[in-house]
Amino acid sequence: MKYSQLRAMWAITKGSLRAITRSPSAMIFSFIFPFIFILVFGFIGGSGPMQSFKVVIDKNSDTANILFRTITSIDVLKVMHYETEAEMKADLNKGRLAGIILIRKNNTASANPYSLVLKSTSSSNDKWPQLKALLENMVNKISSNIYKDRLNYADFNFNPQTDIETVREYKTIDFILPGQLGFSLLSAGVFGVAFMFFNLRNTLVLKRFFATPINRTFIILGEGLSRVIFQLITAVVIIAVGYFFFGFTLIHGFRTFFDMLVLSFFGLLVFMGFGFIVSGIAKNDSTIPPFANLITLPQFLLGGTFFSIDNFPKWLQPISRAMPLTHLNTALRNIAFEGQSLWQVKSEIFILVIWGVVVYAVAVKVFKWE
């Protein structure tokens, strides 16, 4: 009977998968940690994480006044400019904009020389109330400075009007779950593969494999396939728990769910390449965690896992945007909440592919069989 490389590979896959499910560290990094964060933020509920106050000045606004000059000089307000009305509307509906500010000049008979209108949507419920309070405080200060010599300086003291449109709610879980899924994939890819292949080498299991007719490529494929199967099962469970228990948004249902799994597969392949590198350069098992943390920790903190990278200092944002986890998290969120297809997030996938090529080129150089 002819020796079957595929059957041998599948035997390795099943054995490795059984070992993974019995590994406490695999269960902790793949299931426990992500679920802890999902449960915490899921029960907190409410709108998405705090964003910076991005605003747009309505094109019909009167800009020759102190209100406009003050708004554009406040540090916590970032005045955005869009090429098209559609782009601005899309960001407003998705909660990326705190609101649109309209400054109108009143007629001379009005008690107030100018009026403010704040336009926003229900997706920015975590932003526009604070923005409205900020504008009210700004107007009061302007009023007190202009009319400080009068007994009654209410001429300029008024509350901004609000025009809030109800749109689909962007919940905390919609931001947190993709980040935790990305974190789970990163941890499993780096720590799981690094420890797995180092231990196989250290316990001479790989050496025993060499005594069999199985090709080295199929050894790698078998071990890697077990990690992929386990982690995709983890992804299914994480998404399902978020959807059924916390109302995680899958805008196109099963199609969105499938696209997230495909994207998770791409991300996991890239992160497994980092694991191969760590297993190749580690001298002993005690050096694996420092090397692995050097790869995972910066991405966990700066890859948009908990907070939008727009909240980071400007000098730090290019570093964050260069990380593969950032692009995976962004693509997962765009697919899940915004309903984009895999083709529409092709730029994020392309960057992941570039990372994959670089990572595996290094992995081939440093990986050791013995």
# chains A, B, ... in the order shown; residues from 1 in each chain; ligands from 1
$ residues_around --residues "Gly224 (chain A)" --least-positions-apart "2" --cutoff "10 Å" --atoms "only C-alpha atoms" --output "MDAnalysis selection string"
chainID A and resid 12:13 16:17 189 193 196:197 218:222 226:229 269 272
$ residues_around --residues "region 286-303 of chain A" --least-positions-apart "5" --cutoff "6 Å" --atoms "only C-alpha atoms" --output "number ranges by chain"
A: 320, 325-326
$ write_last_selection --atoms "N, CA and C atoms" --output "PDB file, in the first residue's frame"
ATOM      1  N   SER A 320       1.108  52.920  14.813  1.00  0.00           N
ATOM      2  CA  SER A 320      -0.066  52.063  15.012  1.00  0.00           C
ATOM      3  C   SER A 320      -0.610  51.556  13.682  1.00  0.00           C
ATOM      4  N   LEU A 325      -2.069  43.942  13.220  1.00  0.00           N
ATOM      5  CA  LEU A 325      -3.295  43.804  14.010  1.00  0.00           C
ATOM      6  C   LEU A 325      -4.223  44.986  13.790  1.00  0.00           C
ATOM      7  N   THR A 326      -3.676  46.180  13.584  1.00  0.00           N
ATOM      8  CA  THR A 326      -4.497  47.357  13.315  1.00  0.00           C
ATOM      9  C   THR A 326      -5.348  47.147  12.068  1.00  0.00           C
TER      10      THR A 326
END
$ select_by_dssp --residues "region 49-130 of chain A" --states "strand (DSSP E or B)" --output "list in words"
Phe53, Lys54, Val55, Val56, Ile57, Leu77, Lys78, Val79, Gly99, Ile100, Ile101, Leu102, Ile103, Arg104, Lys105, Tyr114, Ser115, Leu116, Val117, Leu118, Lys119, Ser120 and Thr121 of chain A
$ write_last_selection --atoms "C-alpha atoms" --output "PDB file, in the first residue's frame"
ATOM      1  CA  PHE A  53     -14.502  65.490  19.037  1.00  0.00           C
ATOM      2  CA  LYS A  54     -14.370  65.550  15.270  1.00  0.00           C
ATOM      3  CA  VAL A  55     -16.681  68.207  13.866  1.00  0.00           C
ATOM      4  CA  VAL A  56     -17.551  69.778  10.553  1.00  0.00           C
ATOM      5  CA  ILE A  57     -18.428  73.435  10.074  1.00  0.00           C
ATOM      6  CA  LEU A  77     -12.219  70.040  18.595  1.00  0.00           C
ATOM      7  CA  LYS A  78     -10.830  68.749  15.326  1.00  0.00           C
ATOM      8  CA  VAL A  79     -12.443  70.430  12.348  1.00  0.00           C
ATOM      9  CA  GLY A  99     -21.539  66.590  14.780  1.00  0.00           C
ATOM     10  CA  ILE A 100     -21.950  69.350  12.220  1.00  0.00           C
ATOM     11  CA  ILE A 101     -21.955  72.918  13.540  1.00  0.00           C
ATOM     12  CA  LEU A 102     -23.989  75.586  11.778  1.00  0.00           C
ATOM     13  CA  ILE A 103     -23.337  79.230  12.734  1.00  0.00           C
ATOM     14  CA  ARG A 104     -26.106  81.566  11.609  1.00  0.00           C
ATOM     15  CA  LYS A 105     -26.135  85.330  11.780  1.00  0.00           C
ATOM     16  CA  TYR A 114     -25.699  84.667  16.209  1.00  0.00           C
ATOM     17  CA  SER A 115     -27.244  81.256  16.726  1.00  0.00           C
ATOM     18  CA  LEU A 116     -25.670  77.810  16.814  1.00  0.00           C
ATOM     19  CA  VAL A 117     -27.220  74.600  15.525  1.00  0.00           C
ATOM     20  CA  LEU A 118     -25.544  71.262  16.305  1.00  0.00           C
ATOM     21  CA  LYS A 119     -26.507  68.479  13.886  1.00  0.00           C
ATOM     22  CA  SER A 120     -25.642  64.917  14.848  1.00  0.00           C
ATOM     23  CA  THR A 121     -26.979  61.351  14.900  1.00  0.00           C
TER      24      THR A 121
END
$ closest_residue --among "A:Ile71, A:Ile309, A:Leu225, A:Val345" --to "Ile20 (chain A)" --atoms "only C-alpha atoms"
A:Leu225
$ atom_distance --atom1 "CA of Thr217 (chain A)" --atom2 "CA of Ala8 (chain A)"
11.5 Å
$ atom_distance --atom1 "CA of Phe367 (chain A)" --atom2 "CA of Ile354 (chain A)"
19.7 Å
$ atom_distance --atom1 "CA of Gly182 (chain A)" --atom2 "CA of Leu352 (chain A)"
12.7 Å
$ select_by_dssp --residues "region 166-306 of chain A" --states "helix (DSSP H, G or I)" --output "VMD selection string"
chain A and resid 172 to 202 205 to 210 216 to 246 254 to 281 285 to 302
$ residues_around --residues "Pro178 (chain A)" --least-positions-apart "4" --cutoff "7 Å" --atoms "only C-alpha atoms" --output "count of residues only"
4
